[in-house]
>>> print(open('entry-v4.txt').read())   # compact mmCIF, C-alpha atoms
# COMPACT_ATOMS: atom_id res chain seq x y z
CA MET M 1111 10.77 10.53 -27.35
CA LEU M 1112 9.51 10.27 -23.78
CA ASN M 1113 10.24 12.70 -20.97
CA GLN M 1114 12.14 12.02 -17.77
CA GLU M 1115 9.49 9.52 -16.66
CA GLY M 1116 10.51 7.16 -19.45
CA PHE M 1117 8.09 4.34 -20.17
CA LEU M 1118 6.00 5.36 -17.16
CA SER M 1119 5.20 8.66 -18.85
CA PRO M 1120 1.59 9.30 -19.94
CA ASP M 1121 3.08 9.97 -23.39
CA ILE M 1122 3.42 6.22 -23.87
CA GLU M 1123 -0.35 6.05 -24.31
CA LEU M 1124 -0.10 8.21 -27.44
CA PHE M 1125 2.66 5.98 -28.80
CA GLU M 1126 0.54 2.90 -28.11
CA LYS M 1127 -2.44 4.41 -29.92
CA ASN M 1128 -0.25 5.09 -32.95
CA ILE M 1129 1.02 1.51 -32.88
CA GLU M 1130 -2.54 0.17 -32.67
CA LYS M 1131 -3.45 2.27 -35.70
CA GLU M 1132 -0.38 1.39 -37.77
CA TYR M 1133 -0.48 -2.32 -36.93
CA SER M 1134 -4.27 -2.62 -36.73
CA LEU M 1135 -4.51 -5.67 -39.03
CA LEU M 1136 -1.82 -7.59 -37.18
CA LEU M 1137 -3.14 -6.76 -33.72
CA GLU M 1138 -6.70 -7.74 -34.60
CA LYS M 1139 -5.43 -11.07 -35.89
CA LEU M 1140 -3.39 -11.60 -32.73
CA LYS M 1141 -6.47 -11.02 -30.59
CA SER M 1142 -8.31 -13.79 -32.39
CA TYR M 1143 -5.31 -16.17 -32.20
CA ASN M 1144 -4.85 -15.41 -28.51
CA MET M 1145 -8.53 -16.11 -27.84
CA PHE M 1146 -8.13 -19.50 -29.52
CA PHE M 1147 -4.96 -20.28 -27.51
CA GLN M 1148 -6.67 -19.18 -24.29
CA GLU M 1149 -9.87 -21.14 -24.87
CA THR M 1150 -7.83 -24.26 -25.63
CA ALA M 1151 -6.33 -24.17 -22.13
CA PHE M 1152 -9.80 -24.73 -20.67
CA LYS M 1153 -10.29 -27.81 -22.85
CA ILE M 1154 -7.10 -29.53 -21.72
CA LYS M 1155 -7.40 -32.00 -18.86
CA GLY M 1156 -4.44 -33.70 -17.22
CA ARG M 1157 -4.53 -37.38 -16.37
CA LYS M 1158 -4.04 -38.57 -12.82
CA ASN M 1159 -0.56 -39.82 -11.99
CA GLU M 1160 0.84 -38.79 -15.38
CA LEU M 1161 3.61 -36.41 -14.45
CA ALA M 1162 4.36 -35.29 -17.99
CA HIS M 1163 0.76 -34.17 -18.49
CA TRP M 1164 0.82 -31.82 -15.51
CA CYS M 1165 4.17 -30.41 -16.58
CA LEU M 1166 2.87 -29.82 -20.09
CA LEU M 1167 -0.29 -28.14 -18.85
CA ALA M 1168 1.69 -25.85 -16.53
CA LEU M 1169 4.08 -24.97 -19.35
CA TYR M 1170 1.20 -24.20 -21.68
CA ILE M 1171 -0.33 -21.87 -19.09
CA ARG M 1172 3.05 -20.15 -18.79
CA SER M 1173 3.26 -19.80 -22.56
CA LEU M 1174 -0.08 -17.97 -22.62
CA SER M 1175 1.00 -15.29 -20.16
CA THR M 1176 4.37 -14.96 -21.89
CA TYR M 1177 2.74 -14.55 -25.31
CA GLN M 1178 0.31 -11.95 -24.02
CA SER M 1179 3.14 -10.07 -22.27
CA ILE M 1180 5.08 -9.92 -25.55
CA ILE M 1181 2.07 -8.34 -27.24
CA ILE M 1182 1.55 -5.80 -24.43
CA LEU M 1183 5.22 -4.77 -24.36
CA SER M 1184 5.43 -4.53 -28.15
CA LYS M 1185 2.41 -2.23 -28.29
CA LYS M 1186 4.19 0.11 -25.87
CA GLY M 1187 7.41 0.05 -27.89
CA ILE M 1188 9.32 -1.91 -25.23
CA THR M 1189 10.73 -4.17 -27.92
CA THR M 1190 14.00 -5.20 -26.27
CA GLU M 1191 12.20 -6.69 -23.29
CA ALA M 1192 9.64 -8.27 -25.65
CA ASN M 1193 12.59 -10.03 -27.30
CA VAL M 1194 13.78 -11.31 -23.93
CA LEU M 1195 10.35 -12.81 -23.31
CA LEU M 1196 10.32 -14.24 -26.83
CA ARG M 1197 13.43 -16.19 -25.92
CA SER M 1198 11.57 -17.61 -22.89
CA LEU M 1199 8.63 -18.57 -25.10
CA VAL M 1200 10.93 -20.43 -27.48
CA GLU M 1201 12.44 -22.31 -24.51
CA ILE M 1202 8.94 -23.37 -23.45
CA GLN M 1203 8.37 -24.65 -26.98
CA TYR M 1204 11.49 -26.86 -26.81
CA ILE M 1205 10.44 -28.36 -23.48
CA ILE M 1206 6.81 -28.93 -24.50
CA VAL M 1207 7.74 -30.63 -27.77
CA ALA M 1208 10.37 -32.77 -26.03
CA LEU M 1209 8.02 -33.88 -23.23
CA SER M 1210 5.29 -34.61 -25.77
CA LYS M 1211 7.65 -36.94 -27.64
CA TYR M 1212 9.31 -38.43 -24.56
CA PRO M 1213 7.07 -38.23 -21.43
CA ALA M 1214 9.81 -39.84 -19.31
CA LEU M 1215 11.78 -36.59 -19.63
CA ALA M 1216 9.37 -35.06 -17.11
CA LYS M 1217 11.58 -36.59 -14.42
CA GLU M 1218 14.61 -34.79 -15.83
CA TYR M 1219 12.66 -31.55 -16.20
CA LEU M 1220 11.52 -31.55 -12.57
CA GLY M 1221 14.94 -32.74 -11.45
CA GLN M 1222 16.55 -29.54 -12.67
CA GLU M 1223 15.35 -27.81 -9.50
CA ALA M 1224 17.63 -30.05 -7.41
CA ILE M 1225 20.48 -29.73 -9.91
CA GLU M 1226 20.36 -25.93 -9.80
CA MET M 1227 19.86 -25.85 -6.03
CA LYS M 1228 23.01 -27.96 -5.60
CA LYS M 1229 24.95 -25.40 -7.62
CA ILE M 1230 23.58 -22.49 -5.56
CA LEU M 1231 24.30 -24.23 -2.25
CA LYS M 1232 27.86 -25.07 -3.27
CA ASN M 1233 28.41 -21.45 -4.24
CA SER M 1234 26.90 -20.36 -0.93
CA ARG M 1235 29.44 -22.54 0.86
CA LYS M 1236 32.21 -21.10 -1.31
CA TRP M 1237 31.24 -17.53 -0.41
CA SER M 1238 30.13 -18.25 3.16
CA ASP M 1239 32.39 -15.54 4.59
CA LYS M 1240 30.81 -12.90 2.31
CA ILE M 1241 27.10 -13.63 2.44
CA SER M 1242 24.55 -12.70 5.09
CA LYS M 1243 25.34 -13.78 8.64
CA ASP M 1244 21.74 -14.99 8.84
CA THR M 1245 22.74 -17.85 6.54
CA LEU M 1246 24.56 -20.34 8.76
CA LEU M 1247 27.13 -22.59 7.13
CA HIS M 1248 25.82 -25.73 8.84
CA GLU M 1249 22.35 -25.03 7.41
CA VAL M 1250 23.86 -24.79 3.93
CA GLU M 1251 25.73 -28.06 4.47
CA ASP M 1252 22.60 -29.86 5.71
CA LYS M 1253 20.55 -28.66 2.74
CA LEU M 1254 23.35 -29.54 0.31
CA GLN M 1255 23.52 -33.11 1.66
CA GLU M 1256 19.74 -33.38 1.33
CA VAL M 1257 19.80 -32.20 -2.29
CA GLU M 1258 22.74 -34.44 -3.22
CA LYS M 1259 20.91 -37.41 -1.73
CA GLU M 1260 17.85 -36.59 -3.86
CA ILE M 1261 20.01 -36.34 -7.00
CA ASP M 1262 21.75 -39.66 -6.32
CA LEU M 1263 18.54 -41.45 -5.35
CA ASN M 1264 16.72 -40.38 -8.51
CA LYS M 1265 19.82 -40.55 -10.72
CA LEU M 1266 19.24 -37.01 -11.89
CA LYS M 1267 21.50 -35.28 -14.38
CA LYS M 1268 21.75 -31.78 -15.78
CA TYR M 1269 19.43 -31.33 -18.74
CA THR M 1270 19.90 -28.03 -20.55
CA ILE M 1271 17.65 -26.09 -22.93
CA LYS M 1272 19.91 -27.37 -25.70
CA ASP M 1273 19.21 -30.94 -24.56
CA PHE M 1274 15.47 -30.31 -24.69
CA ALA M 1275 15.81 -28.71 -28.13
CA GLN M 1276 17.72 -31.76 -29.34
CA SER M 1277 15.10 -34.13 -27.92
CA ALA M 1278 12.48 -32.04 -29.71
CA ASP M 1279 14.41 -32.34 -33.00
CA LEU M 1280 14.79 -28.54 -33.00
CA LEU M 1281 18.56 -28.32 -32.65
CA LEU M 1282 18.96 -26.29 -35.85
CA ASP M 1283 16.42 -23.80 -34.52
CA TYR M 1284 18.30 -23.66 -31.21
CA GLU M 1285 21.76 -23.15 -32.68
CA ILE M 1286 20.72 -20.34 -35.04
CA TYR M 1287 17.48 -18.54 -34.18
CA TYR M 1288 17.54 -19.10 -30.42
CA ALA M 1289 21.20 -18.05 -30.35
CA ILE M 1290 20.22 -14.70 -31.90
CA LEU M 1291 17.54 -14.19 -29.24
CA CYS M 1292 20.14 -14.88 -26.54
CA LEU M 1293 22.16 -11.88 -27.71
CA THR M 1294 19.37 -9.66 -26.40
CA GLY M 1295 18.76 -11.72 -23.28
CA HIS M 1296 22.44 -11.51 -22.31
CA SER M 1297 22.74 -7.78 -23.16
CA ASN M 1298 25.36 -8.59 -25.80
CA ILE M 1299 26.92 -5.57 -27.55
CA TYR M 1300 25.38 -6.85 -30.80
CA ASP M 1301 22.02 -5.86 -29.35
CA VAL M 1302 23.04 -3.01 -27.02
CA LYS M 1303 24.73 -1.04 -29.81
CA LYS M 1304 21.32 -0.25 -31.30
CA HIS M 1305 21.14 2.48 -28.66
CA PHE M 1306 24.14 4.29 -30.18
CA VAL M 1307 23.68 7.14 -32.65
CA PHE M 1308 26.76 7.73 -34.84
CA ASP M 1309 27.75 10.90 -36.66
CA ASP M 1310 29.16 11.00 -40.20
CA ASN M 1311 32.60 10.16 -38.85
CA GLY M 1312 31.43 7.05 -37.08
CA ILE M 1313 31.70 8.65 -33.63
CA ILE M 1314 28.96 8.10 -31.05
CA SER M 1315 27.10 11.40 -30.86
CA SER M 1316 24.00 10.50 -28.84
CA PHE M 1317 21.77 7.64 -27.77
CA ASN M 1318 18.48 6.15 -28.90
CA TRP M 1319 16.05 5.73 -26.03
CA GLY M 1320 12.34 5.53 -25.48
CA PRO M 1321 9.79 3.43 -27.38
CA ASP M 1322 10.87 1.63 -30.52
CA LYS M 1323 8.58 0.22 -33.20
CA ASN M 1324 11.30 -1.42 -35.29
CA ASN M 1325 10.73 -5.13 -35.85
CA ILE M 1326 7.46 -5.21 -33.90
CA ASN M 1327 5.90 -7.25 -36.68
CA THR M 1328 8.83 -9.70 -36.65
CA VAL M 1329 8.71 -10.22 -32.89
CA LEU M 1330 4.95 -10.72 -32.84
CA GLY M 1331 5.09 -12.97 -35.89
CA ILE M 1332 7.71 -15.27 -34.35
CA ALA M 1333 5.86 -15.33 -31.03
CA THR M 1334 2.61 -16.34 -32.74
CA GLU M 1335 4.28 -19.02 -34.84
CA THR M 1336 5.93 -20.39 -31.68
CA MET M 1337 2.53 -20.66 -30.00
CA PHE M 1338 1.15 -22.67 -32.90
CA ARG M 1339 4.23 -24.90 -32.89
CA LEU M 1340 4.08 -25.67 -29.17
CA LEU M 1341 0.32 -26.24 -29.26
CA SER M 1342 0.53 -28.71 -32.14
CA PRO M 1343 1.85 -31.73 -30.15
CA LEU M 1344 -0.46 -30.98 -27.23
CA ARG M 1345 -3.47 -31.74 -29.43
CA ASP M 1346 -2.43 -35.39 -29.59
CA VAL M 1347 -1.11 -35.72 -26.05
CA PHE M 1348 -4.33 -34.43 -24.46
CA GLU M 1349 -6.63 -35.64 -27.25
CA VAL M 1350 -8.18 -32.20 -27.52
CA ASN M 1351 -10.71 -31.81 -30.30
CA ILE M 1352 -9.48 -28.53 -31.79
CA GLU M 1353 -8.40 -29.75 -35.23
CA ASP M 1354 -10.78 -27.56 -37.23
CA ASP M 1355 -10.09 -24.41 -35.24
CA TYR M 1356 -6.35 -25.04 -35.25
CA ALA M 1357 -6.35 -25.45 -39.02
CA LYS M 1358 -8.50 -22.34 -39.49
CA TYR M 1359 -6.34 -20.05 -37.36
CA PHE M 1360 -3.03 -21.51 -38.52
CA ASP M 1361 -3.98 -21.20 -42.20
CA ASP M 1362 -5.03 -17.62 -41.51
CA PHE M 1363 -1.65 -16.94 -39.89
CA VAL M 1364 0.23 -18.52 -42.80
CA GLU M 1365 -1.64 -16.18 -45.15
CA LEU M 1366 -0.76 -13.22 -42.90
CA ARG M 1367 2.96 -14.03 -42.60
CA PRO M 1368 4.11 -12.57 -45.97
CA LYS M 1369 2.39 -9.30 -45.11
CA LEU M 1370 4.38 -9.11 -41.88
CA LYS M 1371 7.65 -9.23 -43.80
CA LYS M 1372 6.55 -6.36 -46.03
CA HIS M 1373 5.45 -4.19 -43.11
CA THR M 1374 8.12 -1.73 -41.98
>>> encode(input="entry-v4.txt", output="structure tokens")
Amino acid sequence: MLNQEGFLSPDIELFEKNIEKEYSLLLEKLKSYNMFFQETAFKIKGRKNELAHWCLLALYIRSLSTYQSIIILSKKGITTEANVLLRSLVEIQYIIVALSKYPALAKEYLGQEAIEMKKILKNSRKWSDKISKDTLLHEVEDKLQEVEKEIDLNKLKKYTIKDFAQSADLLLDYEIYYAILCLTGHSNIYDVKKHFVFDDNGIISSFNWGPDKNNINTVLGIATETMFRLLSPLRDVFEVNIEDDYAKYFDDFVELRPKLKKHT
């Protein structure tokens, strides 16, 4: 347990060293996979005037930092937040797979900025008497008209993560596994109750806090599998010659997966 400094305490370094020792095999494997994922980014080249390509490349870059952040947080025992990032990584996978199958969806993907901005501006107008006086109502109205014109001109529509998952043929994954990840992301009691400590009578007696190593292997395993899954369609889209390396690292991961389930 950490002191009053929480995760900023120097004690976290000792916890991290223990994690690196206990999960040495897994972490060494992840380093090699991450190096492969990272090197691949430098081999990908977008094509001029192909919107989907630039979106895919940007999403892949985002997936790299997200994946690495999950590893860093997990090593420090910050597993709840690692789960939140895992949810984001899975969302990236849905969008990448969908755009790889249907490049025209890039228009819908980029159009979500205007869709969400319209919602924010309408809410700003709704609460105009409560928000900062620096935000003038006529400025909100002008921006709202501008955004609505963009939406109408480009015939944009709301396209949710579920829609991208469905386009990616990953709806089953979305409705079951992604839904479980959302419980953490939304601070649902299903996830928050893990902080409760109950006595023999079922009464809350104290709280769990500080670093947690439970399910580290599961989180890192799912994150790694997600990276392989989102990279797979990019090989064909960008015609990147990584077939041999992909097969080598993926086969290695498949061999490692059963060991992750046995690790407690």
>>> residues_around(input="entry-v4.txt", residues="Val1364 of chain M", least_positions_apart="4", cutoff="12 Å", atoms="only C-alpha atoms", output="ChimeraX atom specification")
/M:1139,1331-1332,1334-1335,1338,1356-1360,1368-1371
>>> residues_around(input="entry-v4.txt", residues="segment 1234-1239 of chain M", least_positions_apart="3", cutoff="8 Å", atoms="all atoms listed in the file", output="ChimeraX atom specification")
/M:1230-1231,1247,1250-1251
>>> closest_atom_pairs(input="entry-v4.txt", of="segment 1211-1236 of chain M", to="segment 1164-1187 of chain M", cutoff="9 Å", atoms="only C-alpha atoms", output="tab-separated table")
residue	atom	partner	partner_atom	distance
M:Ala1216	CA	M:Cys1165	CA	7.0
M:Tyr1219	CA	M:Cys1165	CA	8.6
M:Leu1220	CA	M:Cys1165	CA	8.4
>>> atom_distance(input="entry-v4.txt", atom1="atom CA of Leu1136 of chain M", atom2="atom CA of Gln1148 of chain M")
18.0 Å
>>> residues_near_point(input="entry-v4.txt", point="(9.7, -11.8, -23.8)", cutoff="9 Å", atoms="only C-alpha atoms", output="list in words")
Thr1176, Tyr1177, Ser1179, Ile1180, Leu1183, Thr1189, Thr1190, Glu1191, Ala1192, Asn1193, Val1194, Leu1195, Leu1196, Arg1197, Ser1198, Leu1199 and Ala1333 of chain M
>>> write_last_selection(input="entry-v4.txt", atoms="C-alpha atoms", output="CSV table (one decimal), in the frame of the given file")
chain,number,residue,atom,x,y,z
M,1176,THR,CA,4.4,-15.0,-21.9
M,1177,TYR,CA,2.7,-14.6,-25.3
M,1179,SER,CA,3.1,-10.1,-22.3
M,1180,ILE,CA,5.1,-9.9,-25.6
M,1183,LEU,CA,5.2,-4.8,-24.4
M,1189,THR,CA,10.7,-4.2,-27.9
M,1190,THR,CA,14.0,-5.2,-26.3
M,1191,GLU,CA,12.2,-6.7,-23.3
M,1192,ALA,CA,9.6,-8.3,-25.6
M,1193,ASN,CA,12.6,-10.0,-27.3
M,1194,VAL,CA,13.8,-11.3,-23.9
M,1195,LEU,CA,10.4,-12.8,-23.3
M,1196,LEU,CA,10.3,-14.2,-26.8
M,1197,ARG,CA,13.4,-16.2,-25.9
M,1198,SER,CA,11.6,-17.6,-22.9
M,1199,LEU,CA,8.6,-18.6,-25.1
M,1333,ALA,CA,5.9,-15.3,-31.0
>>> decode(input="entry-v4.txt", residues="segment 1204-1245 of chain M", atoms="N, CA and C atoms", output="PDB file, in the first residue's frame")
ATOM      1  N   TYR M1204     -11.918  -0.841 -34.228  1.00  0.00           N
ATOM      2  CA  TYR M1204     -13.168  -0.847 -34.996  1.00  0.00           C
ATOM      3  C   TYR M1204     -13.080   0.128 -36.171  1.00  0.00           C
ATOM      4  N   ILE M1205     -12.577   1.332 -35.902  1.00  0.00           N
ATOM      5  CA  ILE M1205     -12.533   2.359 -36.945  1.00  0.00           C
ATOM      6  C   ILE M1205     -11.532   1.980 -38.035  1.00  0.00           C
ATOM      7  N   ILE M1206     -10.366   1.488 -37.643  1.00  0.00           N
ATOM      8  CA  ILE M1206      -9.351   1.100 -38.630  1.00  0.00           C
ATOM      9  C   ILE M1206      -9.861  -0.026 -39.529  1.00  0.00           C
ATOM     10  N   VAL M1207     -10.447  -1.049 -38.931  1.00  0.00           N
ATOM     11  CA  VAL M1207     -10.943  -2.175 -39.733  1.00  0.00           C
ATOM     12  C   VAL M1207     -12.058  -1.706 -40.667  1.00  0.00           C
ATOM     13  N   ALA M1208     -12.952  -0.850 -40.157  1.00  0.00           N
ATOM     14  CA  ALA M1208     -14.061  -0.354 -40.970  1.00  0.00           C
ATOM     15  C   ALA M1208     -13.559   0.489 -42.134  1.00  0.00           C
ATOM     16  N   LEU M1209     -12.628   1.404 -41.883  1.00  0.00           N
ATOM     17  CA  LEU M1209     -12.096   2.254 -42.953  1.00  0.00           C
ATOM     18  C   LEU M1209     -11.285   1.453 -43.960  1.00  0.00           C
ATOM     19  N   SER M1210     -10.644   0.378 -43.490  1.00  0.00           N
ATOM     20  CA  SER M1210      -9.881  -0.477 -44.409  1.00  0.00           C
ATOM     21  C   SER M1210     -10.812  -1.195 -45.376  1.00  0.00           C
ATOM     22  N   LYS M1211     -11.990  -1.588 -44.877  1.00  0.00           N
ATOM     23  CA  LYS M1211     -12.970  -2.286 -45.712  1.00  0.00           C
ATOM     24  C   LYS M1211     -13.745  -1.321 -46.597  1.00  0.00           C
ATOM     25  N   TYR M1212     -14.061  -0.154 -46.032  1.00  0.00           N
ATOM     26  CA  TYR M1212     -14.888   0.830 -46.738  1.00  0.00           C
ATOM     27  C   TYR M1212     -14.239   2.213 -46.649  1.00  0.00           C
ATOM     28  N   PRO M1213     -13.292   2.542 -47.521  1.00  0.00           N
ATOM     29  CA  PRO M1213     -12.573   3.818 -47.473  1.00  0.00           C
ATOM     30  C   PRO M1213     -13.490   5.042 -47.500  1.00  0.00           C
ATOM     31  N   ALA M1214     -14.680   4.903 -48.115  1.00  0.00           N
ATOM     32  CA  ALA M1214     -15.602   6.044 -48.192  1.00  0.00           C
ATOM     33  C   ALA M1214     -16.088   6.489 -46.824  1.00  0.00           C
ATOM     34  N   LEU M1215     -15.949   5.619 -45.822  1.00  0.00           N
ATOM     35  CA  LEU M1215     -16.378   5.968 -44.460  1.00  0.00           C
ATOM     36  C   LEU M1215     -15.483   7.039 -43.842  1.00  0.00           C
ATOM     37  N   ALA M1216     -14.373   7.342 -44.484  1.00  0.00           N
ATOM     38  CA  ALA M1216     -13.490   8.393 -43.968  1.00  0.00           C
ATOM     39  C   ALA M1216     -14.243   9.717 -43.888  1.00  0.00           C
ATOM     40  N   LYS M1217     -15.136   9.933 -44.830  1.00  0.00           N
ATOM     41  CA  LYS M1217     -15.955  11.150 -44.826  1.00  0.00           C
ATOM     42  C   LYS M1217     -16.828  11.192 -43.581  1.00  0.00           C
ATOM     43  N   GLU M1218     -17.427  10.056 -43.239  1.00  0.00           N
ATOM     44  CA  GLU M1218     -18.271   9.998 -42.043  1.00  0.00           C
ATOM     45  C   GLU M1218     -17.430  10.164 -40.772  1.00  0.00           C
ATOM     46  N   TYR M1219     -16.248   9.550 -40.791  1.00  0.00           N
ATOM     47  CA  TYR M1219     -15.366   9.630 -39.623  1.00  0.00           C
ATOM     48  C   TYR M1219     -14.979  11.080 -39.343  1.00  0.00           C
ATOM     49  N   LEU M1220     -14.515  11.794 -40.373  1.00  0.00           N
ATOM     50  CA  LEU M1220     -14.131  13.185 -40.203  1.00  0.00           C
ATOM     51  C   LEU M1220     -15.342  14.068 -39.908  1.00  0.00           C
ATOM     52  N   GLY M1221     -16.478  13.677 -40.448  1.00  0.00           N
ATOM     53  CA  GLY M1221     -17.695  14.466 -40.250  1.00  0.00           C
ATOM     54  C   GLY M1221     -18.211  14.469 -38.830  1.00  0.00           C
ATOM     55  N   GLN M1222     -17.722  13.538 -38.015  1.00  0.00           N
ATOM     56  CA  GLN M1222     -18.201  13.472 -36.629  1.00  0.00           C
ATOM     57  C   GLN M1222     -17.802  14.709 -35.827  1.00  0.00           C
ATOM     58  N   GLU M1223     -16.744  15.383 -36.272  1.00  0.00           N
ATOM     59  CA  GLU M1223     -16.352  16.625 -35.576  1.00  0.00           C
ATOM     60  C   GLU M1223     -17.474  17.655 -35.673  1.00  0.00           C
ATOM     61  N   ALA M1224     -18.052  17.811 -36.856  1.00  0.00           N
ATOM     62  CA  ALA M1224     -19.146  18.759 -37.047  1.00  0.00           C
ATOM     63  C   ALA M1224     -20.405  18.301 -36.311  1.00  0.00           C
ATOM     64  N   ILE M1225     -20.661  16.994 -36.336  1.00  0.00           N
ATOM     65  CA  ILE M1225     -21.840  16.449 -35.656  1.00  0.00           C
ATOM     66  C   ILE M1225     -21.764  16.734 -34.155  1.00  0.00           C
ATOM     67  N   GLU M1226     -20.613  16.472 -33.562  1.00  0.00           N
ATOM     68  CA  GLU M1226     -20.443  16.694 -32.125  1.00  0.00           C
ATOM     69  C   GLU M1226     -20.423  18.183 -31.788  1.00  0.00           C
ATOM     70  N   MET M1227     -19.824  18.990 -32.664  1.00  0.00           N
ATOM     71  CA  MET M1227     -19.787  20.429 -32.430  1.00  0.00           C
ATOM     72  C   MET M1227     -21.201  21.021 -32.455  1.00  0.00           C
ATOM     73  N   LYS M1228     -22.046  20.519 -33.342  1.00  0.00           N
ATOM     74  CA  LYS M1228     -23.432  20.973 -33.392  1.00  0.00           C
ATOM     75  C   LYS M1228     -24.128  20.706 -32.059  1.00  0.00           C
ATOM     76  N   LYS M1229     -23.891  19.535 -31.511  1.00  0.00           N
ATOM     77  CA  LYS M1229     -24.496  19.168 -30.228  1.00  0.00           C
ATOM     78  C   LYS M1229     -24.016  20.101 -29.117  1.00  0.00           C
ATOM     79  N   ILE M1230     -22.706  20.380 -29.086  1.00  0.00           N
ATOM     80  CA  ILE M1230     -22.135  21.251 -28.057  1.00  0.00           C
ATOM     81  C   ILE M1230     -22.679  22.679 -28.192  1.00  0.00           C
ATOM     82  N   LEU M1231     -22.767  23.171 -29.426  1.00  0.00           N
ATOM     83  CA  LEU M1231     -23.253  24.530 -29.647  1.00  0.00           C
ATOM     84  C   LEU M1231     -24.724  24.670 -29.270  1.00  0.00           C
ATOM     85  N   LYS M1232     -25.519  23.648 -29.574  1.00  0.00           N
ATOM     86  CA  LYS M1232     -26.930  23.697 -29.197  1.00  0.00           C
ATOM     87  C   LYS M1232     -27.097  23.674 -27.684  1.00  0.00           C
ATOM     88  N   ASN M1233     -26.234  22.921 -27.015  1.00  0.00           N
ATOM     89  CA  ASN M1233     -26.273  22.906 -25.551  1.00  0.00           C
ATOM     90  C   ASN M1233     -25.779  24.231 -24.974  1.00  0.00           C
ATOM     91  N   SER M1234     -24.820  24.851 -25.654  1.00  0.00           N
ATOM     92  CA  SER M1234     -24.339  26.159 -25.215  1.00  0.00           C
ATOM     93  C   SER M1234     -25.450  27.194 -25.319  1.00  0.00           C
ATOM     94  N   ARG M1235     -26.241  27.111 -26.375  1.00  0.00           N
ATOM     95  CA  ARG M1235     -27.380  28.015 -26.523  1.00  0.00           C
ATOM     96  C   ARG M1235     -28.424  27.746 -25.443  1.00  0.00           C
ATOM     97  N   LYS M1236     -28.629  26.472 -25.141  1.00  0.00           N
ATOM     98  CA  LYS M1236     -29.604  26.076 -24.121  1.00  0.00           C
ATOM     99  C   LYS M1236     -29.233  26.627 -22.753  1.00  0.00           C
ATOM    100  N   TRP M1237     -27.925  26.608 -22.444  1.00  0.00           N
ATOM    101  CA  TRP M1237     -27.456  27.048 -21.129  1.00  0.00           C
ATOM    102  C   TRP M1237     -26.779  28.418 -21.198  1.00  0.00           C
ATOM    103  N   SER M1238     -27.169  29.232 -22.151  1.00  0.00           N
ATOM    104  CA  SER M1238     -26.494  30.510 -22.378  1.00  0.00           C
ATOM    105  C   SER M1238     -26.532  31.440 -21.165  1.00  0.00           C
ATOM    106  N   ASP M1239     -27.551  31.304 -20.323  1.00  0.00           N
ATOM    107  CA  ASP M1239     -27.648  32.179 -19.155  1.00  0.00           C
ATOM    108  C   ASP M1239     -26.791  31.697 -17.994  1.00  0.00           C
ATOM    109  N   LYS M1240     -26.182  30.499 -18.150  1.00  0.00           N
ATOM    110  CA  LYS M1240     -25.384  29.915 -17.069  1.00  0.00           C
ATOM    111  C   LYS M1240     -23.881  29.894 -17.367  1.00  0.00           C
ATOM    112  N   ILE M1241     -23.538  29.910 -18.641  1.00  0.00           N
ATOM    113  CA  ILE M1241     -22.126  29.782 -18.996  1.00  0.00           C
ATOM    114  C   ILE M1241     -21.426  31.126 -18.956  1.00  0.00           C
ATOM    115  N   SER M1242     -20.127  31.118 -19.210  1.00  0.00           N
ATOM    116  CA  SER M1242     -19.294  32.314 -19.115  1.00  0.00           C
ATOM    117  C   SER M1242     -19.851  33.471 -19.938  1.00  0.00           C
ATOM    118  N   LYS M1243     -19.770  34.662 -19.369  1.00  0.00           N
ATOM    119  CA  LYS M1243     -20.243  35.854 -20.077  1.00  0.00           C
ATOM    120  C   LYS M1243     -19.358  36.169 -21.273  1.00  0.00           C
ATOM    121  N   ASP M1244     -18.162  35.575 -21.287  1.00  0.00           N
ATOM    122  CA  ASP M1244     -17.253  35.796 -22.416  1.00  0.00           C
ATOM    123  C   ASP M1244     -17.774  35.141 -23.691  1.00  0.00           C
ATOM    124  N   THR M1245     -18.670  34.146 -23.509  1.00  0.00           N
ATOM    125  CA  THR M1245     -19.254  33.453 -24.652  1.00  0.00           C
ATOM    126  C   THR M1245     -20.558  34.156 -25.024  1.00  0.00           C
TER     127      THR M1245
END
